[in-house]
Amino acid sequence: MSRILTVVAAQLGPIQKAEGRDVAVARMVRLMERAHARGAQLVVFPELALTTFFPRHFHEANETAPLFAAAKRLNVGFHLGYAERTPEGRHFNTAILVNPAGQIMLKYRKIHLPGHAEFDPKRAVQHLEKRYFEVGDLGFPVIRAPMGGLDGVNMGMMICNDRRWPEAWRVLGLQSVELVMVGYNTPSLHLSVQAGAYQNATFAVAVAKAGTEDGNELFGHSIIVNPQGEILAQATSWDDEVIVADCDLDVCRLGRTTIFAFDKHRRPEAYARITDQIGAVEPPEWQG
Ligand code: CDV
């Protein structure tokens with residue numbers, strides 16, 4: 001029996017600094033409607049989807065109400081990246097997974113924050129994620145929850161730069177993830193999504209903010225990838241666009257029970273450096 005979930009990557013074109021979050025949310029509602037017309041059961045939006053990439057302001061919950069209403073009306077789940085401010089005033093680069101009833105089923109806070117914390121006069125373009133956000137404190141969680149017509153789908157998330165780190169994928173893989181959602185604002189790179197999906201026998205949907213945003217090029221190329229690491233669908237524009245794939249989640253079992261049967265083949269006793277060490281060290285010199 002197959003377990004098919006129809007997943008849509010809802011790529012967003014650029015959101016300029018002057019553009020209000022209400023405008024971005026209205027664009028996202030239209031994308032959700034287009035996704036629904038293509039049979040979507042789960043719609044995935046990019047990282048920091050409500051604003052231009054650099055978060056100079058933080059979202060208020062009520063501004064996303066139209067998204068929750070559209071999800072209910074269309075009976076689709078969605079994934080949304082946004083800049084979170086907690087009641088205590090802490091800031092995180094966050095993604096949530098919401099079911100059609102509007103319940104938040106999973107929250108993830110970005111762990112790998114690229115860039116720097118202070119203004120760098122040598123850089124033409126600043127990347128101040130370390131200034132604006134704290135390192136995520138929720139680990140890399142996976143939840144098994146109903147989605148589409150399926151009783152249980154194992155879903156996890158990462159955000160943009162996280163996808164470049166195999167450790168992030170493996171932590172999700174070790175929780176039997178079947179669908180990884182990745183929102184990004186990036187100038188480059190698919191390989192890590194294809195490799196991560198393959199090495200952990202999971203589907204992945206990687207969704208871009210695309211085009212020229214506040215003078216900066218964003219890569220686009222949103223993709224949906226299968227557990228063989230093959231691209232099932234890819235965006236072709238630099239604008240708002242939906243791409244769709246029917247993901248048969250039972251396909252994940254093939255990799256998991258053969259080449260990547262973790263319980264049979266992993267050798268954690270040889271991996272200590274991964275958790276004991278942060279930076280690389282030099283190898284010993286050959287004394288021959
Ligand atoms: N939003 C990101 O995390 N972007 C980073 C930077 C380095 C461009 C990335 O890895 O894509």
# chains A, B, ... in the order shown; residues from 1 in each chain; ligands from 1

$ residues_near_ligand --ligand "ligand 1" --cutoff "8 Å" --atoms "only C-alpha atoms and all ligand atoms" --output "PDB file with C-alpha atoms, in the first residue's frame"
ATOM      1  CA  GLU A  47      12.528  30.965   5.703  1.00  0.00           C
ATOM      2  CA  PHE A  53      15.432  38.562   4.430  1.00  0.00           C
ATOM      3  CA  HIS A 112      23.179  27.018  12.496  1.00  0.00           C
ATOM      4  CA  LEU A 113      23.197  30.813  12.342  1.00  0.00           C
ATOM      5  CA  PRO A 114      25.630  31.949   9.648  1.00  0.00           C
ATOM      6  CA  GLY A 115      27.376  35.301   9.461  1.00  0.00           C
ATOM      7  CA  HIS A 127      24.923  38.963   7.264  1.00  0.00           C
ATOM      8  CA  ILE A 159      16.174  26.290   8.130  1.00  0.00           C
ATOM      9  CA  CYS A 160      18.445  27.401   5.305  1.00  0.00           C
ATOM     10  CA  ASN A 161      22.077  27.145   6.480  1.00  0.00           C
ATOM     11  CA  ASP A 162      21.195  24.016   8.524  1.00  0.00           C
ATOM     12  CA  ARG A 163      20.839  22.097   5.258  1.00  0.00           C
ATOM     13  CA  ARG A 164      24.581  22.392   4.632  1.00  0.00           C
ATOM     14  CA  TYR A 184      15.772  29.261   2.660  1.00  0.00           C
ATOM     15  CA  ASN A 185      17.060  32.672   1.575  1.00  0.00           C
ATOM     16  CA  THR A 186      20.291  31.794  -0.137  1.00  0.00           C
ATOM     17  CA  PRO A 187      22.535  32.591  -3.056  1.00  0.00           C
ATOM     18  CA  SER A 188      23.359  28.940  -3.828  1.00  0.00           C
ATOM     19  CA  LEU A 189      23.293  25.179  -3.502  1.00  0.00           C
TER      20      LEU A 189
END

$ residues_around --residues "segment 227-241 of chain A" --least-positions-apart "2" --cutoff "6 Å" --atoms "only C-alpha atoms" --output "mmCIF file with C-alpha atoms, in the first residue's frame"
data_model
loop_
_atom_site.group_PDB
_atom_site.id
_atom_site.type_symbol
_atom_site.label_atom_id
_atom_site.label_comp_id
_atom_site.auth_asym_id
_atom_site.auth_seq_id
_atom_site.Cartn_x
_atom_site.Cartn_y
_atom_site.Cartn_z
ATOM 1 C CA ALA A 10 5.362 27.636 -2.370
ATOM 2 C CA GLN A 11 8.286 29.746 -3.502
ATOM 3 C CA LEU A 12 8.093 33.474 -2.839
ATOM 4 C CA GLY A 13 9.576 36.075 -5.118
ATOM 5 C CA GLN A 194 19.838 15.958 -2.341
ATOM 6 C CA ALA A 197 17.604 13.267 1.620
ATOM 7 C CA TYR A 198 19.501 10.328 0.108
ATOM 8 C CA ALA A 201 16.118 7.978 3.166
ATOM 9 C CA THR A 202 13.671 10.847 3.371
ATOM 10 C CA PHE A 203 11.721 13.171 1.129
ATOM 11 C CA ALA A 210 13.839 34.108 -4.922
ATOM 12 C CA GLY A 211 14.895 37.047 -7.055
ATOM 13 C CA GLY A 220 15.307 30.404 -6.088
ATOM 14 C CA HIS A 221 15.300 26.880 -7.518
ATOM 15 C CA SER A 222 12.901 25.494 -4.924
ATOM 16 C CA ILE A 223 12.953 21.702 -5.128
ATOM 17 C CA ILE A 224 11.157 18.593 -3.947
ATOM 18 C CA VAL A 225 13.530 15.627 -3.586
ATOM 19 C CA CYS A 252 11.512 5.818 2.504
#

$ closest_residue --among "A:Asp248, A:Asp214, A:Thr64, A:Pro87" --to "Leu5 of chain A" --atoms "only C-alpha atoms"
A:Asp248

$ closest_residue --among "A:Val98, A:Val43, A:Met1, A:Leu174" --to "Arg266 of chain A" --atoms "only C-alpha atoms"
A:Leu174

$ closest_residue --among "A:His79, A:His265, A:Lys110, A:Arg30" --to "Ala49 of chain A" --atoms "only C-alpha atoms"
A:His79

$ residues_around --residues "segment 100-106 of chain A" --least-positions-apart "4" --cutoff "8 Å" --atoms "only C-alpha atoms" --output "ChimeraX atom specification"
/A:68-69,71-72,74-78,96,141-143,145

$ residues_around --residues "Asn93 of chain A" --least-positions-apart "3" --cutoff "12 Å" --atoms "only C-alpha atoms" --output "PDB file with N, CA, C and O atoms, in the first residue's frame"
ATOM      1  N   PRO A  46       8.917  29.561   2.544  1.00  0.00           N
ATOM      2  CA  PRO A  46      10.356  29.712   2.857  1.00  0.00           C
ATOM      3  C   PRO A  46      10.673  30.229   4.263  1.00  0.00           C
ATOM      4  O   PRO A  46       9.775  30.538   5.045  1.00  0.00           O
ATOM      5  N   GLU A  47      11.981  30.340   4.487  1.00  0.00           N
ATOM      6  CA  GLU A  47      12.528  30.965   5.703  1.00  0.00           C
ATOM      7  C   GLU A  47      12.126  32.443   5.742  1.00  0.00           C
ATOM      8  O   GLU A  47      12.118  33.103   4.700  1.00  0.00           O
ATOM      9  N   LEU A  48      11.847  32.967   6.922  1.00  0.00           N
ATOM     10  CA  LEU A  48      11.533  34.392   7.115  1.00  0.00           C
ATOM     11  C   LEU A  48      10.636  34.902   5.994  1.00  0.00           C
ATOM     12  O   LEU A  48      10.975  35.837   5.259  1.00  0.00           O
ATOM     13  N   ALA A  49       9.481  34.243   5.879  1.00  0.00           N
ATOM     14  CA  ALA A  49       8.624  34.456   4.707  1.00  0.00           C
ATOM     15  C   ALA A  49       7.817  35.743   4.780  1.00  0.00           C
ATOM     16  O   ALA A  49       7.254  36.162   3.779  1.00  0.00           O
ATOM     17  N   LEU A  50       7.774  36.377   5.932  1.00  0.00           N
ATOM     18  CA  LEU A  50       6.873  37.525   6.069  1.00  0.00           C
ATOM     19  C   LEU A  50       7.521  38.857   5.738  1.00  0.00           C
ATOM     20  O   LEU A  50       6.846  39.866   5.598  1.00  0.00           O
ATOM     21  N   PHE A  53      14.643  39.523   3.654  1.00  0.00           N
ATOM     22  CA  PHE A  53      15.432  38.562   4.430  1.00  0.00           C
ATOM     23  C   PHE A  53      15.898  39.126   5.760  1.00  0.00           C
ATOM     24  O   PHE A  53      15.768  38.502   6.791  1.00  0.00           O
ATOM     25  N   PHE A  54      16.402  40.318   5.758  1.00  0.00           N
ATOM     26  CA  PHE A  54      16.935  40.765   7.032  1.00  0.00           C
ATOM     27  C   PHE A  54      15.874  41.279   7.967  1.00  0.00           C
ATOM     28  O   PHE A  54      15.191  42.257   7.697  1.00  0.00           O
ATOM     29  N   PRO A  55      15.726  40.595   9.085  1.00  0.00           N
ATOM     30  CA  PRO A  55      14.636  40.904  10.002  1.00  0.00           C
ATOM     31  C   PRO A  55      14.972  42.122  10.844  1.00  0.00           C
ATOM     32  O   PRO A  55      15.695  42.033  11.822  1.00  0.00           O
ATOM     33  N   PHE A  58       9.815  42.526  13.858  1.00  0.00           N
ATOM     34  CA  PHE A  58       9.357  41.191  14.225  1.00  0.00           C
ATOM     35  C   PHE A  58       7.848  41.089  14.101  1.00  0.00           C
ATOM     36  O   PHE A  58       7.135  42.052  14.323  1.00  0.00           O
ATOM     37  N   HIS A  59       7.396  39.896  13.733  1.00  0.00           N
ATOM     38  CA  HIS A  59       5.994  39.762  13.361  1.00  0.00           C
ATOM     39  C   HIS A  59       5.070  39.697  14.567  1.00  0.00           C
ATOM     40  O   HIS A  59       5.459  39.285  15.645  1.00  0.00           O
ATOM     41  N   LEU A  80       5.671  27.452   7.846  1.00  0.00           N
ATOM     42  CA  LEU A  80       5.955  28.881   7.700  1.00  0.00           C
ATOM     43  C   LEU A  80       7.218  29.246   8.472  1.00  0.00           C
ATOM     44  O   LEU A  80       7.353  28.896   9.642  1.00  0.00           O
ATOM     45  N   GLY A  81       8.109  29.957   7.811  1.00  0.00           N
ATOM     46  CA  GLY A  81       9.279  30.495   8.497  1.00  0.00           C
ATOM     47  C   GLY A  81       9.037  31.957   8.849  1.00  0.00           C
ATOM     48  O   GLY A  81       8.502  32.713   8.043  1.00  0.00           O
ATOM     49  N   TYR A  82       9.426  32.350  10.055  1.00  0.00           N
ATOM     50  CA  TYR A  82       9.198  33.742  10.473  1.00  0.00           C
ATOM     51  C   TYR A  82      10.174  34.103  11.590  1.00  0.00           C
ATOM     52  O   TYR A  82      10.812  33.235  12.182  1.00  0.00           O
ATOM     53  N   ALA A  83      10.273  35.406  11.863  1.00  0.00           N
ATOM     54  CA  ALA A  83      11.120  35.879  12.958  1.00  0.00           C
ATOM     55  C   ALA A  83      10.280  35.877  14.228  1.00  0.00           C
ATOM     56  O   ALA A  83       9.299  36.606  14.326  1.00  0.00           O
ATOM     57  N   GLU A  84      10.703  35.040  15.186  1.00  0.00           N
ATOM     58  CA  GLU A  84       9.915  34.869  16.410  1.00  0.00           C
ATOM     59  C   GLU A  84      10.440  35.771  17.533  1.00  0.00           C
ATOM     60  O   GLU A  84      11.653  35.846  17.748  1.00  0.00           O
ATOM     61  N   ARG A  85       9.528  36.435  18.218  1.00  0.00           N
ATOM     62  CA  ARG A  85       9.883  37.099  19.471  1.00  0.00           C
ATOM     63  C   ARG A  85       9.060  36.446  20.559  1.00  0.00           C
ATOM     64  O   ARG A  85       7.828  36.439  20.502  1.00  0.00           O
ATOM     65  N   THR A  86       9.748  35.873  21.534  1.00  0.00           N
ATOM     66  CA  THR A  86       9.023  35.157  22.593  1.00  0.00           C
ATOM     67  C   THR A  86       8.424  36.174  23.585  1.00  0.00           C
ATOM     68  O   THR A  86       8.838  37.342  23.597  1.00  0.00           O
ATOM     69  N   ARG A  90      12.897  37.114  23.686  1.00  0.00           N
ATOM     70  CA  ARG A  90      13.996  36.428  22.990  1.00  0.00           C
ATOM     71  C   ARG A  90      13.653  36.319  21.504  1.00  0.00           C
ATOM     72  O   ARG A  90      12.475  36.238  21.141  1.00  0.00           O
ATOM     73  N   ILE A  96       7.304  26.924  11.811  1.00  0.00           N
ATOM     74  CA  ILE A  96       6.239  26.140  12.446  1.00  0.00           C
ATOM     75  C   ILE A  96       5.529  25.297  11.392  1.00  0.00           C
ATOM     76  O   ILE A  96       5.482  25.661  10.216  1.00  0.00           O
ATOM     77  N   LYS A 107       7.420  23.022  16.182  1.00  0.00           N
ATOM     78  CA  LYS A 107       8.161  24.286  16.048  1.00  0.00           C
ATOM     79  C   LYS A 107       9.644  23.952  16.018  1.00  0.00           C
ATOM     80  O   LYS A 107      10.112  23.074  16.749  1.00  0.00           O
ATOM     81  N   TYR A 108      10.383  24.667  15.174  1.00  0.00           N
ATOM     82  CA  TYR A 108      11.833  24.508  15.119  1.00  0.00           C
ATOM     83  C   TYR A 108      12.463  25.894  15.131  1.00  0.00           C
ATOM     84  O   TYR A 108      11.949  26.816  14.488  1.00  0.00           O
ATOM     85  N   ARG A 109      13.568  26.027  15.852  1.00  0.00           N
ATOM     86  CA  ARG A 109      14.309  27.298  15.895  1.00  0.00           C
ATOM     87  C   ARG A 109      15.705  27.062  15.326  1.00  0.00           C
ATOM     88  O   ARG A 109      16.432  26.182  15.816  1.00  0.00           O
ATOM     89  N   LYS A 110      16.056  27.849  14.337  1.00  0.00           N
ATOM     90  CA  LYS A 110      17.291  27.630  13.561  1.00  0.00           C
ATOM     91  C   LYS A 110      18.517  27.526  14.467  1.00  0.00           C
ATOM     92  O   LYS A 110      18.757  28.402  15.313  1.00  0.00           O
ATOM     93  N   ILE A 111      19.305  26.484  14.220  1.00  0.00           N
ATOM     94  CA  ILE A 111      20.475  26.217  15.056  1.00  0.00           C
ATOM     95  C   ILE A 111      21.754  26.762  14.423  1.00  0.00           C
ATOM     96  O   ILE A 111      22.561  27.399  15.093  1.00  0.00           O
ATOM     97  N   HIS A 112      21.956  26.518  13.142  1.00  0.00           N
ATOM     98  CA  HIS A 112      23.179  27.018  12.496  1.00  0.00           C
ATOM     99  C   HIS A 112      22.925  28.434  11.966  1.00  0.00           C
ATOM    100  O   HIS A 112      22.308  28.598  10.912  1.00  0.00           O
ATOM    101  N   LEU A 113      23.376  29.411  12.745  1.00  0.00           N
ATOM    102  CA  LEU A 113      23.197  30.813  12.342  1.00  0.00           C
ATOM    103  C   LEU A 113      24.460  31.278  11.636  1.00  0.00           C
ATOM    104  O   LEU A 113      25.518  31.411  12.271  1.00  0.00           O
ATOM    105  N   PRO A 114      24.412  31.531  10.344  1.00  0.00           N
ATOM    106  CA  PRO A 114      25.630  31.949   9.648  1.00  0.00           C
ATOM    107  C   PRO A 114      25.918  33.432   9.902  1.00  0.00           C
ATOM    108  O   PRO A 114      25.117  34.135  10.515  1.00  0.00           O
ATOM    109  N   GLU A 129      22.843  37.535  11.074  1.00  0.00           N
ATOM    110  CA  GLU A 129      21.924  36.614  11.773  1.00  0.00           C
ATOM    111  C   GLU A 129      22.339  36.386  13.216  1.00  0.00           C
ATOM    112  O   GLU A 129      21.508  36.240  14.102  1.00  0.00           O
ATOM    113  N   LYS A 130      23.664  36.333  13.452  1.00  0.00           N
ATOM    114  CA  LYS A 130      24.132  36.089  14.832  1.00  0.00           C
ATOM    115  C   LYS A 130      23.796  37.270  15.737  1.00  0.00           C
ATOM    116  O   LYS A 130      23.793  37.125  16.954  1.00  0.00           O
ATOM    117  N   ARG A 131      23.566  38.436  15.157  1.00  0.00           N
ATOM    118  CA  ARG A 131      23.197  39.597  15.965  1.00  0.00           C
ATOM    119  C   ARG A 131      21.701  39.575  16.302  1.00  0.00           C
ATOM    120  O   ARG A 131      21.298  39.873  17.411  1.00  0.00           O
ATOM    121  N   TYR A 132      20.913  39.184  15.307  1.00  0.00           N
ATOM    122  CA  TYR A 132      19.463  39.292  15.477  1.00  0.00           C
ATOM    123  C   TYR A 132      18.847  38.108  16.217  1.00  0.00           C
ATOM    124  O   TYR A 132      17.772  38.245  16.790  1.00  0.00           O
ATOM    125  N   PHE A 133      19.497  36.942  16.118  1.00  0.00           N
ATOM    126  CA  PHE A 133      18.852  35.736  16.650  1.00  0.00           C
ATOM    127  C   PHE A 133      19.744  35.006  17.646  1.00  0.00           C
ATOM    128  O   PHE A 133      20.968  34.998  17.527  1.00  0.00           O
ATOM    129  N   GLU A 134      19.081  34.316  18.582  1.00  0.00           N
ATOM    130  CA  GLU A 134      19.773  33.332  19.423  1.00  0.00           C
ATOM    131  C   GLU A 134      19.803  31.993  18.697  1.00  0.00           C
ATOM    132  O   GLU A 134      18.931  31.714  17.864  1.00  0.00           O
ATOM    133  N   VAL A 135      20.782  31.163  19.069  1.00  0.00           N
ATOM    134  CA  VAL A 135      20.832  29.799  18.548  1.00  0.00           C
ATOM    135  C   VAL A 135      19.592  29.050  19.045  1.00  0.00           C
ATOM    136  O   VAL A 135      19.226  29.149  20.225  1.00  0.00           O
ATOM    137  N   GLY A 136      18.973  28.323  18.147  1.00  0.00           N
ATOM    138  CA  GLY A 136      17.743  27.597  18.485  1.00  0.00           C
ATOM    139  C   GLY A 136      17.947  26.666  19.670  1.00  0.00           C
ATOM    140  O   GLY A 136      19.011  26.067  19.831  1.00  0.00           O
ATOM    141  N   ASP A 137      16.902  26.525  20.477  1.00  0.00           N
ATOM    142  CA  ASP A 137      17.019  25.744  21.714  1.00  0.00           C
ATOM    143  C   ASP A 137      16.075  24.536  21.720  1.00  0.00           C
ATOM    144  O   ASP A 137      15.768  23.994  22.779  1.00  0.00           O
ATOM    145  N   LEU A 138      15.623  24.129  20.539  1.00  0.00           N
ATOM    146  CA  LEU A 138      14.665  23.013  20.501  1.00  0.00           C
ATOM    147  C   LEU A 138      15.253  21.757  19.868  1.00  0.00           C
ATOM    148  O   LEU A 138      14.519  20.786  19.640  1.00  0.00           O
ATOM    149  N   MET A 158      14.326  21.995   9.043  1.00  0.00           N
ATOM    150  CA  MET A 158      15.555  22.736   9.272  1.00  0.00           C
ATOM    151  C   MET A 158      15.408  24.044   8.531  1.00  0.00           C
ATOM    152  O   MET A 158      14.458  24.219   7.755  1.00  0.00           O
ATOM    153  N   ILE A 159      16.318  24.976   8.754  1.00  0.00           N
ATOM    154  CA  ILE A 159      16.174  26.290   8.130  1.00  0.00           C
ATOM    155  C   ILE A 159      17.484  26.658   7.441  1.00  0.00           C
ATOM    156  O   ILE A 159      18.542  26.693   8.060  1.00  0.00           O
ATOM    157  N   CYS A 160      17.394  26.890   6.185  1.00  0.00           N
ATOM    158  CA  CYS A 160      18.445  27.401   5.305  1.00  0.00           C
ATOM    159  C   CYS A 160      19.832  26.825   5.587  1.00  0.00           C
ATOM    160  O   CYS A 160      20.134  25.718   5.202  1.00  0.00           O
ATOM    161  N   ASN A 161      20.691  27.571   6.297  1.00  0.00           N
ATOM    162  CA  ASN A 161      22.077  27.145   6.480  1.00  0.00           C
ATOM    163  C   ASN A 161      22.171  25.758   7.109  1.00  0.00           C
ATOM    164  O   ASN A 161      23.125  25.006   6.824  1.00  0.00           O
ATOM    165  N   ASP A 162      21.190  25.357   7.915  1.00  0.00           N
ATOM    166  CA  ASP A 162      21.195  24.016   8.524  1.00  0.00           C
ATOM    167  C   ASP A 162      21.374  22.923   7.475  1.00  0.00           C
ATOM    168  O   ASP A 162      21.949  21.870   7.755  1.00  0.00           O
ATOM    169  N   GLY A 183      13.097  25.850   4.621  1.00  0.00           N
ATOM    170  CA  GLY A 183      12.907  27.152   3.975  1.00  0.00           C
ATOM    171  C   GLY A 183      14.253  27.829   3.849  1.00  0.00           C
ATOM    172  O   GLY A 183      15.103  27.669   4.728  1.00  0.00           O
ATOM    173  N   TYR A 184      14.471  28.578   2.765  1.00  0.00           N
ATOM    174  CA  TYR A 184      15.772  29.261   2.660  1.00  0.00           C
ATOM    175  C   TYR A 184      15.699  30.609   1.961  1.00  0.00           C
ATOM    176  O   TYR A 184      14.790  30.898   1.195  1.00  0.00           O
TER     177      TYR A 184
END

$ select_by_dssp --residues "segment 100-200 of chain A" --states "strand (DSSP E)" --output "list in words"
Ile104, Met105, Leu106, Lys107, Tyr108, Arg109, Val142, Ile143, Arg144, Ala145, Pro146, Met147, Leu150, Asp151, Gly152, Val153, Asn154, Met155, Gly156, Met157, Met158, Ile159, Leu179, Val180, Met181, Val182, Gly183 and Tyr184 of chain A

$ residues_around --residues "Ser176 of chain A" --least-positions-apart "5" --cutoff "12 Å" --atoms "only C-alpha atoms" --output "PDB file with C-alpha atoms, in the first residue's frame"
ATOM      1  CA  PRO A 141      12.627  17.626  16.506  1.00  0.00           C
ATOM      2  CA  VAL A 142      10.546  15.204  14.425  1.00  0.00           C
ATOM      3  CA  ILE A 143       6.835  14.691  14.988  1.00  0.00           C
ATOM      4  CA  ARG A 144       4.577  11.903  13.749  1.00  0.00           C
ATOM      5  CA  VAL A 153       3.687  11.261   8.752  1.00  0.00           C
ATOM      6  CA  ASN A 154       7.124  11.686  10.353  1.00  0.00           C
ATOM      7  CA  MET A 155       7.941  15.349   9.735  1.00  0.00           C
ATOM      8  CA  GLY A 156      10.942  17.475  10.637  1.00  0.00           C
ATOM      9  CA  TRP A 169      20.117  15.693   8.568  1.00  0.00           C
ATOM     10  CA  ARG A 170      21.379  12.737  10.577  1.00  0.00           C
ATOM     11  CA  VAL A 171      19.663  13.864  13.762  1.00  0.00           C
ATOM     12  CA  ALA A 197      17.604  13.267   1.620  1.00  0.00           C
ATOM     13  CA  GLN A 199      21.683   9.599   3.141  1.00  0.00           C
ATOM     14  CA  ASN A 200      18.686   9.626   5.464  1.00  0.00           C
ATOM     15  CA  ALA A 201      16.118   7.978   3.166  1.00  0.00           C
ATOM     16  CA  THR A 202      13.671  10.847   3.371  1.00  0.00           C
ATOM     17  CA  PHE A 203      11.721  13.171   1.129  1.00  0.00           C
ATOM     18  CA  LEU A 249       6.264   8.038   1.935  1.00  0.00           C
ATOM     19  CA  ASP A 250       6.545   4.255   1.928  1.00  0.00           C
ATOM     20  CA  CYS A 252      11.512   5.818   2.504  1.00  0.00           C
ATOM     21  CA  ARG A 253      11.491   2.223   3.743  1.00  0.00           C
ATOM     22  CA  GLY A 255      16.818   3.000   1.931  1.00  0.00           C
ATOM     23  CA  ARG A 256      16.071   2.550   5.615  1.00  0.00           C
ATOM     24  CA  THR A 257      15.983  -1.220   5.446  1.00  0.00           C
ATOM     25  CA  PHE A 260      20.952   3.026   5.333  1.00  0.00           C
ATOM     26  CA  ALA A 261      19.608   0.551   7.881  1.00  0.00           C
ATOM     27  CA  PHE A 262      21.136   2.601  10.684  1.00  0.00           C
ATOM     28  CA  ASP A 263      20.610  -0.071  13.348  1.00  0.00           C
TER      29      ASP A 263
END

$ atom_distance --atom1 "atom CA of Val193 of chain A" --atom2 "atom CA of Val244 of chain A"
16.9 Å

$ closest_residue --among "A:His91, A:Arg21, A:Arg27, A:Arg38" --to "Thr6 of chain A" --atoms "only C-alpha atoms"
A:Arg38

$ closest_residue --among "A:Ile259, A:Ile243, A:Gln175, A:Glu118" --to "Phe140 of chain A" --atoms "only C-alpha atoms"
A:Gln175

$ residues_around --residues "Gly215 of chain A" --least-positions-apart "4" --cutoff "12 Å" --atoms "only C-alpha atoms" --output "ChimeraX atom specification"
/A:14-17,52-53,124-125,210-211

$ write_last_selection --atoms "C-alpha atoms" --output "PDB file, in the first residue's frame"
ATOM      1  CA  PRO A  14      11.410  38.950  -3.459  1.00  0.00           C
ATOM      2  CA  ILE A  15       9.847  40.901  -0.618  1.00  0.00           C
ATOM      3  CA  GLN A  16      11.273  44.407  -0.559  1.00  0.00           C
ATOM      4  CA  LYS A  17      11.941  46.224   2.706  1.00  0.00           C
ATOM      5  CA  THR A  52      12.605  40.914   3.382  1.00  0.00           C
ATOM      6  CA  PHE A  53      15.432  38.562   4.430  1.00  0.00           C
ATOM      7  CA  ALA A 124      29.677  44.944   1.065  1.00  0.00           C
ATOM      8  CA  VAL A 125      26.625  43.043   2.341  1.00  0.00           C
ATOM      9  CA  ALA A 210      13.839  34.108  -4.922  1.00  0.00           C
ATOM     10  CA  GLY A 211      14.895  37.047  -7.055  1.00  0.00           C
TER      11      GLY A 211
END

$ decode --residues "segment 37-49 of chain A" --atoms "N, CA, C and O atoms" --output "mmCIF file, in the first residue's frame"
data_model
loop_
_atom_site.group_PDB
_atom_site.id
_atom_site.type_symbol
_atom_site.label_atom_id
_atom_site.label_comp_id
_atom_site.auth_asym_id
_atom_site.auth_seq_id
_atom_site.Cartn_x
_atom_site.Cartn_y
_atom_site.Cartn_z
ATOM 1 N N ALA A 37 -5.491 24.196 -5.656
ATOM 2 C CA ALA A 37 -6.002 23.839 -6.990
ATOM 3 C C ALA A 37 -5.170 22.726 -7.621
ATOM 4 O O ALA A 37 -5.648 21.993 -8.488
ATOM 5 N N ARG A 38 -3.917 22.586 -7.183
ATOM 6 C CA ARG A 38 -3.047 21.508 -7.690
ATOM 7 C C ARG A 38 -3.086 20.284 -6.785
ATOM 8 O O ARG A 38 -2.259 19.382 -6.910
ATOM 9 N N GLY A 39 -3.996 20.257 -5.842
ATOM 10 C CA GLY A 39 -4.169 19.059 -5.012
ATOM 11 C C GLY A 39 -3.353 19.035 -3.736
ATOM 12 O O GLY A 39 -3.239 17.987 -3.083
ATOM 13 N N ALA A 40 -2.797 20.165 -3.327
ATOM 14 C CA ALA A 40 -1.894 20.181 -2.165
ATOM 15 C C ALA A 40 -2.579 19.737 -0.884
ATOM 16 O O ALA A 40 -3.720 20.109 -0.612
ATOM 17 N N GLN A 41 -1.837 18.951 -0.098
ATOM 18 C CA GLN A 41 -2.271 18.623 1.261
ATOM 19 C C GLN A 41 -1.379 19.314 2.292
ATOM 20 O O GLN A 41 -1.748 19.477 3.440
ATOM 21 N N LEU A 42 -0.189 19.690 1.852
ATOM 22 C CA LEU A 42 0.756 20.402 2.721
ATOM 23 C C LEU A 42 1.493 21.431 1.867
ATOM 24 O O LEU A 42 2.046 21.094 0.812
ATOM 25 N N VAL A 43 1.501 22.669 2.319
ATOM 26 C CA VAL A 43 2.146 23.760 1.584
ATOM 27 C C VAL A 43 3.327 24.265 2.406
ATOM 28 O O VAL A 43 3.164 24.591 3.586
ATOM 29 N N VAL A 44 4.500 24.326 1.787
ATOM 30 C CA VAL A 44 5.703 24.721 2.515
ATOM 31 C C VAL A 44 6.187 26.080 1.995
ATOM 32 O O VAL A 44 6.464 26.241 0.808
ATOM 33 N N PHE A 45 6.269 27.059 2.908
ATOM 34 C CA PHE A 45 6.759 28.403 2.583
ATOM 35 C C PHE A 45 8.210 28.544 3.047
ATOM 36 O O PHE A 45 8.690 27.773 3.879
ATOM 37 N N PRO A 46 8.917 29.561 2.544
ATOM 38 C CA PRO A 46 10.356 29.712 2.857
ATOM 39 C C PRO A 46 10.673 30.229 4.263
ATOM 40 O O PRO A 46 9.775 30.538 5.045
ATOM 41 N N GLU A 47 11.981 30.340 4.487
ATOM 42 C CA GLU A 47 12.528 30.965 5.703
ATOM 43 C C GLU A 47 12.126 32.443 5.742
ATOM 44 O O GLU A 47 12.118 33.103 4.700
ATOM 45 N N LEU A 48 11.847 32.967 6.922
ATOM 46 C CA LEU A 48 11.533 34.392 7.115
ATOM 47 C C LEU A 48 10.636 34.902 5.994
ATOM 48 O O LEU A 48 10.975 35.837 5.259
ATOM 49 N N ALA A 49 9.481 34.243 5.879
ATOM 50 C CA ALA A 49 8.624 34.456 4.707
ATOM 51 C C ALA A 49 7.817 35.743 4.780
ATOM 52 O O ALA A 49 7.254 36.162 3.779
#
